[in-house]
>>> print(open('work-v7.csv').read())   # CSV, C-alpha atoms
chain,number,residue,atom,x,y,z
A,1,PRO,CA,-43.6,-33.5,-108.8
A,2,PRO,CA,-45.1,-37.0,-108.4
A,3,GLY,CA,-43.6,-38.9,-105.5
A,4,GLN,CA,-42.8,-35.8,-103.5
A,5,ARG,CA,-45.8,-36.0,-101.1
A,6,HIS,CA,-43.5,-36.4,-98.1
A,7,TYR,CA,-42.3,-32.8,-98.6
A,8,LEU,CA,-45.9,-31.6,-98.6
A,9,ALA,CA,-46.5,-33.5,-95.3
A,10,MET,CA,-43.4,-31.9,-93.8
A,11,ILE,CA,-44.5,-28.5,-94.9
A,12,ALA,CA,-48.0,-29.0,-93.6
A,13,VAL,CA,-46.9,-30.1,-90.2
A,14,ALA,CA,-44.4,-27.2,-89.9
A,15,ALA,CA,-46.8,-24.6,-91.2
A,16,VAL,CA,-49.7,-25.7,-88.9
A,17,ASP,CA,-47.3,-25.3,-86.0
A,18,ALA,CA,-45.9,-21.9,-87.3
A,19,LEU,CA,-49.5,-20.6,-87.7
A,20,ASP,CA,-50.6,-21.8,-84.3
A,21,LEU,CA,-53.4,-23.8,-86.0
A,22,GLU,CA,-54.9,-26.7,-84.1
A,23,PRO,CA,-53.4,-29.9,-85.6
A,24,ASP,CA,-56.5,-31.9,-84.6
A,25,THR,CA,-58.8,-29.8,-86.7
A,26,VAL,CA,-56.4,-29.3,-89.7
A,27,LEU,CA,-54.5,-32.5,-90.2
A,28,SER,CA,-56.0,-35.8,-91.1
A,29,ASP,CA,-56.2,-38.5,-88.3
A,30,ALA,CA,-53.7,-40.6,-90.3
A,31,LEU,CA,-51.2,-37.8,-90.5
A,32,LEU,CA,-51.7,-36.9,-86.9
A,33,ASP,CA,-50.8,-40.6,-86.0
A,34,ARG,CA,-47.5,-40.1,-87.9
A,35,HIS,CA,-46.9,-36.5,-86.8
A,36,ASP,CA,-43.8,-37.3,-84.7
A,37,GLN,CA,-42.2,-39.3,-87.5
A,38,ILE,CA,-42.6,-36.4,-89.8
A,39,GLU,CA,-41.7,-33.6,-87.4
A,40,SER,CA,-38.6,-35.1,-85.9
A,41,GLY,CA,-37.5,-37.9,-88.3
A,42,CYS,CA,-35.3,-37.7,-91.3
A,43,LEU,CA,-36.5,-37.5,-94.9
A,44,PHE,CA,-36.7,-41.3,-95.1
A,45,ASP,CA,-38.9,-41.4,-92.0
A,46,ALA,CA,-41.3,-38.8,-93.5
A,47,THR,CA,-41.4,-40.8,-96.7
A,48,LEU,CA,-42.4,-43.9,-94.9
A,49,ALA,CA,-44.9,-42.0,-92.7
A,50,VAL,CA,-46.9,-40.7,-95.6
A,51,SER,CA,-46.9,-44.1,-97.4
A,52,GLY,CA,-50.5,-45.1,-97.9
A,53,LEU,CA,-52.1,-41.9,-96.7
A,54,THR,CA,-55.2,-40.9,-98.7
A,55,SER,CA,-55.3,-37.3,-97.3
A,56,LEU,CA,-53.0,-35.0,-95.4
A,57,PHE,CA,-55.8,-32.7,-94.2
A,58,ALA,CA,-58.9,-33.3,-92.1
A,59,ASP,CA,-61.2,-31.8,-94.8
A,60,GLY,CA,-59.3,-33.2,-97.7
A,61,ASP,CA,-58.0,-29.7,-98.6
A,62,PRO,CA,-55.5,-27.5,-96.7
A,63,PRO,CA,-57.2,-24.7,-94.7
A,64,ASP,CA,-57.3,-21.2,-96.3
A,65,ALA,CA,-54.8,-19.9,-93.7
A,66,LEU,CA,-52.3,-22.5,-94.8
A,67,VAL,CA,-52.8,-21.8,-98.5
A,68,SER,CA,-52.4,-18.0,-97.9
A,69,PHE,CA,-49.3,-18.6,-95.8
A,70,LEU,CA,-47.7,-20.7,-98.4
A,71,SER,CA,-48.6,-18.3,-101.2
A,72,GLU,CA,-47.2,-15.3,-99.3
A,73,ASN,CA,-44.0,-17.2,-98.7
A,74,ASP,CA,-43.5,-18.6,-102.2
A,75,PRO,CA,-40.3,-17.1,-103.6
A,76,GLY,CA,-41.9,-17.2,-107.1
A,77,THR,CA,-44.7,-14.8,-106.2
A,78,THR,CA,-42.9,-12.1,-104.2
A,79,GLY,CA,-39.4,-10.7,-104.8
A,80,LEU,CA,-37.1,-11.7,-102.0
A,81,VAL,CA,-35.1,-9.0,-100.1
A,82,ALA,CA,-32.0,-11.3,-99.8
A,83,PRO,CA,-30.4,-12.9,-102.9
A,84,LEU,CA,-31.2,-16.5,-103.7
A,85,LEU,CA,-28.8,-19.3,-104.6
A,86,LEU,CA,-30.1,-22.1,-106.8
A,87,VAL,CA,-27.9,-25.1,-107.2
A,88,ASN,CA,-28.8,-28.0,-109.4
A,89,GLY,CA,-27.2,-30.9,-111.3
A,90,VAL,CA,-27.6,-31.4,-115.0
A,91,ASP,CA,-28.5,-35.1,-114.4
A,92,ASP,CA,-30.9,-34.5,-111.5
A,93,ARG,CA,-34.1,-36.4,-112.0
A,94,LEU,CA,-35.8,-34.9,-108.9
A,95,LEU,CA,-35.0,-31.2,-109.5
A,96,THR,CA,-34.7,-31.5,-113.2
A,97,PRO,CA,-33.0,-28.8,-115.3
A,98,GLU,CA,-36.4,-27.9,-116.7
A,99,LEU,CA,-37.9,-27.3,-113.2
A,100,SER,CA,-34.8,-25.3,-112.2
A,101,ASP,CA,-35.0,-23.2,-115.3
A,102,ALA,CA,-38.8,-22.6,-114.8
A,103,PHE,CA,-38.2,-21.7,-111.1
A,104,ALA,CA,-35.3,-19.3,-112.0
A,105,ASP,CA,-37.5,-17.6,-114.6
A,106,GLN,CA,-40.3,-17.3,-112.1
A,107,VAL,CA,-38.2,-15.7,-109.3
A,108,CYS,CA,-36.4,-13.4,-111.8
A,109,ALA,CA,-39.9,-12.2,-113.0
A,110,VAL,CA,-40.7,-11.0,-109.5
A,111,GLY,CA,-37.4,-9.1,-109.0
A,112,THR,CA,-35.4,-11.6,-106.9
A,113,VAL,CA,-31.6,-11.5,-107.3
A,114,LEU,CA,-30.6,-15.0,-108.2
A,115,GLU,CA,-27.3,-16.7,-108.6
A,116,ARG,CA,-27.1,-20.2,-110.1
A,117,ILE,CA,-24.6,-23.0,-109.8
A,118,VAL,CA,-25.2,-25.8,-112.3
A,119,ILE,CA,-23.1,-28.9,-111.7
A,120,THR,CA,-22.4,-31.0,-114.8
A,121,ASP,CA,-22.7,-34.8,-114.6
A,122,ALA,CA,-24.4,-34.6,-111.2
A,123,SER,CA,-27.5,-36.4,-110.0
A,124,HIS,CA,-29.6,-35.0,-107.2
A,125,LEU,CA,-27.4,-36.4,-104.4
A,126,ASP,CA,-24.1,-35.8,-106.2
A,127,THR,CA,-25.0,-32.1,-106.4
A,128,PHE,CA,-24.7,-31.7,-102.7
A,129,GLY,CA,-21.1,-32.9,-102.4
A,130,ASP,CA,-20.0,-31.5,-105.8
A,131,SER,CA,-21.3,-28.0,-105.0
A,132,ALA,CA,-20.4,-27.8,-101.2
A,133,SER,CA,-17.3,-25.6,-101.5
A,134,GLN,CA,-19.0,-23.2,-104.0
A,135,VAL,CA,-22.1,-22.9,-101.7
A,136,VAL,CA,-19.9,-22.1,-98.7
A,137,ASP,CA,-18.0,-19.6,-100.8
A,138,TRP,CA,-21.3,-18.0,-101.8
A,139,PHE,CA,-22.4,-17.6,-98.2
A,140,VAL,CA,-19.0,-16.1,-97.2
A,141,ASP,CA,-19.3,-13.7,-100.1
A,142,ARG,CA,-22.7,-12.6,-98.8
A,143,LEU,CA,-21.5,-12.1,-95.3
A,144,GLU,CA,-18.6,-10.1,-96.6
A,145,GLY,CA,-20.9,-7.9,-98.7
A,146,ARG,CA,-19.6,-8.9,-102.1
A,147,PRO,CA,-22.0,-8.5,-105.0
A,148,VAL,CA,-24.0,-11.4,-106.5
A,149,ASP,CA,-23.5,-12.5,-110.1
A,150,ASP,CA,-27.2,-11.9,-110.8
A,151,TRP,CA,-28.3,-14.6,-113.3
A,152,CYS,CA,-31.6,-12.7,-113.8
A,153,SER,CA,-29.7,-9.7,-115.2
A,154,GLY,CA,-27.5,-11.8,-117.4
A,155,ALA,CA,-24.4,-11.1,-115.2
A,156,GLY,CA,-24.3,-14.7,-113.9
>>> encode(input="work-v7.csv", output="structure tokens")
Amino acid sequence: PPGQRHYLAMIAVAAVDALDLEPDTVLSDALLDRHDQIESGCLFDATLAVSGLTSLFADGDPPDALVSFLSENDPGTTGLVAPLLLVNGVDDRLLTPELSDAFADQVCAVGTVLERIVITDASHLDTFGDSASQVVDWFVDRLEGRPVDDWCSGAG
């Protein structure tokens, strides 16, 4: 979504490292200058770091190796082995219900087992606190081998 460029910068920095690519040949000079802020800073630091950047990549586009890596690890293109939990708030303007629904449909279509928690009257930030105990319970259930209420199959 618009305004989320800091996430792409964080992903680019992490993926270049994970793929052992040379940052100097892949990332733009401006992004390299802000690399440390993005790699070790908080979300606010990353947001400030990408402010005013015209390009994240040296050639303007991400390298093929990065595009392939991201495509191969996109939960919407390959069914995941482990179940997935998707939590969103009804009043979330960042991860809107429409985006959540579209993502859920996409992961279900590739065979991922998905459980959803939808928090009513919750904005993006409210969702974290309002769902915390449910999220912890979900992880405990996975560790204890309890079945998932698979939203994809209509059980959730």
>>> residues_around(input="work-v7.csv", residues="stretch 19-36 of chain A", least_positions_apart="4", cutoff="10 Å", atoms="only C-alpha atoms", output="list in words")
Ala9, Met10, Ala12, Val13, Ala14, Ala15, Ser40, Gly41, Asp45, Ala46, Leu48, Ala49, Val50, Gly52, Leu53, Thr54, Ser55, Leu56, Phe57, Ala58, Asp59, Gly60, Asp61, Pro62, Pro63, Ala65, Leu66 and Phe69 of chain A
>>> closest_residue(input="work-v7.csv", among="A:Val67, A:Val110, A:Val87, A:Cys152", to="A:Phe128", atoms="only C-alpha atoms")
A:Val87
>>> closest_residue(input="work-v7.csv", among="A:Cys42, A:Val118, A:Leu84, A:Val135", to="A:Ser100", atoms="all atoms listed in the file")
A:Val118
>>> atom_distance(input="work-v7.csv", atom1="atom CA of A:Gly89", atom2="atom CA of A:Thr127")
5.5 Å
>>> closest_residue(input="work-v7.csv", among="A:Ile11, A:Ala109, A:Ala122, A:Leu70", to="A:Asn88", atoms="all atoms listed in the file")
A:Ala122
>>> atom_distance(input="work-v7.csv", atom1="atom CA of A:Pro83", atom2="atom CA of A:His6")
27.3 Å
>>> residues_around(input="work-v7.csv", residues="stretch 111-115 of chain A", least_positions_apart="5", cutoff="6 Å", atoms="only C-alpha atoms", output="PyMOL selection string")
chain A and resi 79-80+83-85+149-151
>>> closest_residue(input="work-v7.csv", among="A:Asp130, A:Asp121, A:Asp17, A:Asp141", to="A:Arg93", atoms="all atoms listed in the file")
A:Asp121
>>> closest_residue(input="work-v7.csv", among="A:Gln4, A:Gly76, A:Val148, A:Ser71", to="A:Gln106", atoms="only C-alpha atoms")
A:Gly76
>>> atom_distance(input="work-v7.csv", atom1="atom CA of A:Ala102", atom2="atom CA of A:Ile119")
17.2 Å
>>> residues_around(input="work-v7.csv", residues="A:Asp92", least_positions_apart="5", cutoff="8 Å", atoms="only C-alpha atoms", output="number ranges by chain")
A: 97, 122-124
>>> decode(input="work-v7.csv", residues="stretch 15-30 of chain A", atoms="all heavy atoms", output="PDB file, in the first residue's frame")
ATOM      1  N   ALA A  15      17.055  -9.063   2.897  1.00  0.00           N
ATOM      2  CA  ALA A  15      17.177 -10.084   1.854  1.00  0.00           C
ATOM      3  C   ALA A  15      18.541 -10.036   1.176  1.00  0.00           C
ATOM      4  O   ALA A  15      19.106 -11.082   0.854  1.00  0.00           O
ATOM      5  CB  ALA A  15      16.065  -9.927   0.833  1.00  0.00           C
ATOM      6  N   VAL A  16      19.078  -8.851   0.968  1.00  0.00           N
ATOM      7  CA  VAL A  16      20.419  -8.739   0.376  1.00  0.00           C
ATOM      8  C   VAL A  16      21.422  -9.437   1.281  1.00  0.00           C
ATOM      9  O   VAL A  16      22.292 -10.176   0.810  1.00  0.00           O
ATOM     10  CB  VAL A  16      20.786  -7.254   0.142  1.00  0.00           C
ATOM     11  CG1 VAL A  16      22.267  -7.075  -0.107  1.00  0.00           C
ATOM     12  CG2 VAL A  16      19.979  -6.696  -1.028  1.00  0.00           C
ATOM     13  N   ASP A  17      21.269  -9.266   2.575  1.00  0.00           N
ATOM     14  CA  ASP A  17      22.144  -9.938   3.530  1.00  0.00           C
ATOM     15  C   ASP A  17      21.920 -11.450   3.505  1.00  0.00           C
ATOM     16  O   ASP A  17      22.861 -12.233   3.448  1.00  0.00           O
ATOM     17  CB  ASP A  17      21.910  -9.369   4.933  1.00  0.00           C
ATOM     18  CG  ASP A  17      22.853  -9.960   5.960  1.00  0.00           C
ATOM     19  OD1 ASP A  17      24.072  -9.977   5.708  1.00  0.00           O
ATOM     20  OD2 ASP A  17      22.363 -10.408   7.014  1.00  0.00           O
ATOM     21  N   ALA A  18      20.660 -11.874   3.528  1.00  0.00           N
ATOM     22  CA  ALA A  18      20.333 -13.305   3.551  1.00  0.00           C
ATOM     23  C   ALA A  18      20.824 -14.024   2.303  1.00  0.00           C
ATOM     24  O   ALA A  18      21.185 -15.194   2.356  1.00  0.00           O
ATOM     25  CB  ALA A  18      18.824 -13.491   3.706  1.00  0.00           C
ATOM     26  N   LEU A  19      20.845 -13.332   1.177  1.00  0.00           N
ATOM     27  CA  LEU A  19      21.258 -13.939  -0.091  1.00  0.00           C
ATOM     28  C   LEU A  19      22.748 -13.772  -0.371  1.00  0.00           C
ATOM     29  O   LEU A  19      23.224 -14.176  -1.426  1.00  0.00           O
ATOM     30  CB  LEU A  19      20.455 -13.331  -1.244  1.00  0.00           C
ATOM     31  CG  LEU A  19      18.964 -13.625  -1.232  1.00  0.00           C
ATOM     32  CD1 LEU A  19      18.236 -12.777  -2.263  1.00  0.00           C
ATOM     33  CD2 LEU A  19      18.723 -15.105  -1.473  1.00  0.00           C
ATOM     34  N   ASP A  20      23.456 -13.160   0.567  1.00  0.00           N
ATOM     35  CA  ASP A  20      24.892 -12.894   0.393  1.00  0.00           C
ATOM     36  C   ASP A  20      25.187 -12.098  -0.872  1.00  0.00           C
ATOM     37  O   ASP A  20      26.194 -12.320  -1.549  1.00  0.00           O
ATOM     38  CB  ASP A  20      25.716 -14.199   0.401  1.00  0.00           C
ATOM     39  CG  ASP A  20      25.761 -14.834   1.771  1.00  0.00           C
ATOM     40  OD1 ASP A  20      25.764 -14.088   2.773  1.00  0.00           O
ATOM     41  OD2 ASP A  20      25.784 -16.076   1.846  1.00  0.00           O
ATOM     42  N   LEU A  21      24.306 -11.169  -1.196  1.00  0.00           N
ATOM     43  CA  LEU A  21      24.550 -10.264  -2.315  1.00  0.00           C
ATOM     44  C   LEU A  21      25.410  -9.111  -1.832  1.00  0.00           C
ATOM     45  O   LEU A  21      25.418  -8.787  -0.645  1.00  0.00           O
ATOM     46  CB  LEU A  21      23.222  -9.728  -2.868  1.00  0.00           C
ATOM     47  CG  LEU A  21      22.240 -10.774  -3.406  1.00  0.00           C
ATOM     48  CD1 LEU A  21      20.926 -10.101  -3.782  1.00  0.00           C
ATOM     49  CD2 LEU A  21      22.831 -11.506  -4.599  1.00  0.00           C
ATOM     50  N   GLU A  22      26.120  -8.493  -2.723  1.00  0.00           N
ATOM     51  CA  GLU A  22      26.953  -7.348  -2.364  1.00  0.00           C
ATOM     52  C   GLU A  22      26.076  -6.102  -2.261  1.00  0.00           C
ATOM     53  O   GLU A  22      25.573  -5.623  -3.282  1.00  0.00           O
ATOM     54  CB  GLU A  22      28.039  -7.116  -3.414  1.00  0.00           C
ATOM     55  CG  GLU A  22      29.264  -7.966  -3.244  1.00  0.00           C
ATOM     56  CD  GLU A  22      29.939  -7.760  -1.898  1.00  0.00           C
ATOM     57  OE1 GLU A  22      30.079  -6.607  -1.442  1.00  0.00           O
ATOM     58  OE2 GLU A  22      30.323  -8.767  -1.288  1.00  0.00           O
ATOM     59  N   PRO A  23      25.887  -5.572  -1.059  1.00  0.00           N
ATOM     60  CA  PRO A  23      25.036  -4.390  -0.905  1.00  0.00           C
ATOM     61  C   PRO A  23      25.461  -3.235  -1.811  1.00  0.00           C
ATOM     62  O   PRO A  23      24.615  -2.530  -2.353  1.00  0.00           O
ATOM     63  CB  PRO A  23      25.189  -4.017   0.571  1.00  0.00           C
ATOM     64  CG  PRO A  23      25.625  -5.274   1.238  1.00  0.00           C
ATOM     65  CD  PRO A  23      26.422  -6.029   0.216  1.00  0.00           C
ATOM     66  N   ASP A  24      26.776  -3.068  -2.013  1.00  0.00           N
ATOM     67  CA  ASP A  24      27.272  -1.958  -2.842  1.00  0.00           C
ATOM     68  C   ASP A  24      26.822  -2.054  -4.288  1.00  0.00           C
ATOM     69  O   ASP A  24      26.743  -1.029  -4.980  1.00  0.00           O
ATOM     70  CB  ASP A  24      28.805  -1.910  -2.804  1.00  0.00           C
ATOM     71  CG  ASP A  24      29.345  -1.580  -1.431  1.00  0.00           C
ATOM     72  OD1 ASP A  24      28.567  -1.148  -0.571  1.00  0.00           O
ATOM     73  OD2 ASP A  24      30.556  -1.773  -1.209  1.00  0.00           O
ATOM     74  N   THR A  25      26.546  -3.249  -4.771  1.00  0.00           N
ATOM     75  CA  THR A  25      26.142  -3.398  -6.170  1.00  0.00           C
ATOM     76  C   THR A  25      24.634  -3.517  -6.327  1.00  0.00           C
ATOM     77  O   THR A  25      24.125  -3.404  -7.435  1.00  0.00           O
ATOM     78  CB  THR A  25      26.811  -4.638  -6.815  1.00  0.00           C
ATOM     79  OG1 THR A  25      26.392  -5.805  -6.114  1.00  0.00           O
ATOM     80  CG2 THR A  25      28.317  -4.518  -6.776  1.00  0.00           C
ATOM     81  N   VAL A  26      23.928  -3.766  -5.218  1.00  0.00           N
ATOM     82  CA  VAL A  26      22.485  -3.982  -5.289  1.00  0.00           C
ATOM     83  C   VAL A  26      21.690  -2.779  -4.794  1.00  0.00           C
ATOM     84  O   VAL A  26      20.732  -2.353  -5.438  1.00  0.00           O
ATOM     85  CB  VAL A  26      22.098  -5.241  -4.475  1.00  0.00           C
ATOM     86  CG1 VAL A  26      20.596  -5.405  -4.419  1.00  0.00           C
ATOM     87  CG2 VAL A  26      22.751  -6.479  -5.074  1.00  0.00           C
ATOM     88  N   LEU A  27      22.088  -2.228  -3.661  1.00  0.00           N
ATOM     89  CA  LEU A  27      21.338  -1.129  -3.052  1.00  0.00           C
ATOM     90  C   LEU A  27      21.822   0.217  -3.570  1.00  0.00           C
ATOM     91  O   LEU A  27      22.995   0.390  -3.888  1.00  0.00           O
ATOM     92  CB  LEU A  27      21.486  -1.188  -1.526  1.00  0.00           C
ATOM     93  CG  LEU A  27      21.025  -2.487  -0.862  1.00  0.00           C
ATOM     94  CD1 LEU A  27      21.309  -2.450   0.631  1.00  0.00           C
ATOM     95  CD2 LEU A  27      19.555  -2.767  -1.130  1.00  0.00           C
ATOM     96  N   SER A  28      20.903   1.163  -3.634  1.00  0.00           N
ATOM     97  CA  SER A  28      21.272   2.509  -4.081  1.00  0.00           C
ATOM     98  C   SER A  28      22.225   3.146  -3.067  1.00  0.00           C
ATOM     99  O   SER A  28      22.253   2.765  -1.893  1.00  0.00           O
ATOM    100  CB  SER A  28      20.021   3.381  -4.241  1.00  0.00           C
ATOM    101  OG  SER A  28      19.453   3.682  -2.974  1.00  0.00           O
ATOM    102  N   ASP A  29      23.008   4.111  -3.539  1.00  0.00           N
ATOM    103  CA  ASP A  29      23.939   4.811  -2.646  1.00  0.00           C
ATOM    104  C   ASP A  29      23.195   5.459  -1.482  1.00  0.00           C
ATOM    105  O   ASP A  29      23.662   5.423  -0.345  1.00  0.00           O
ATOM    106  CB  ASP A  29      24.733   5.869  -3.415  1.00  0.00           C
ATOM    107  CG  ASP A  29      25.745   5.259  -4.373  1.00  0.00           C
ATOM    108  OD1 ASP A  29      26.120   4.075  -4.174  1.00  0.00           O
ATOM    109  OD2 ASP A  29      26.157   5.961  -5.317  1.00  0.00           O
ATOM    110  N   ALA A  30      22.039   6.031  -1.773  1.00  0.00           N
ATOM    111  CA  ALA A  30      21.264   6.692  -0.720  1.00  0.00           C
ATOM    112  C   ALA A  30      20.788   5.689   0.329  1.00  0.00           C
ATOM    113  O   ALA A  30      20.818   5.971   1.528  1.00  0.00           O
ATOM    114  CB  ALA A  30      20.069   7.424  -1.328  1.00  0.00           C
TER     115      ALA A  30
END
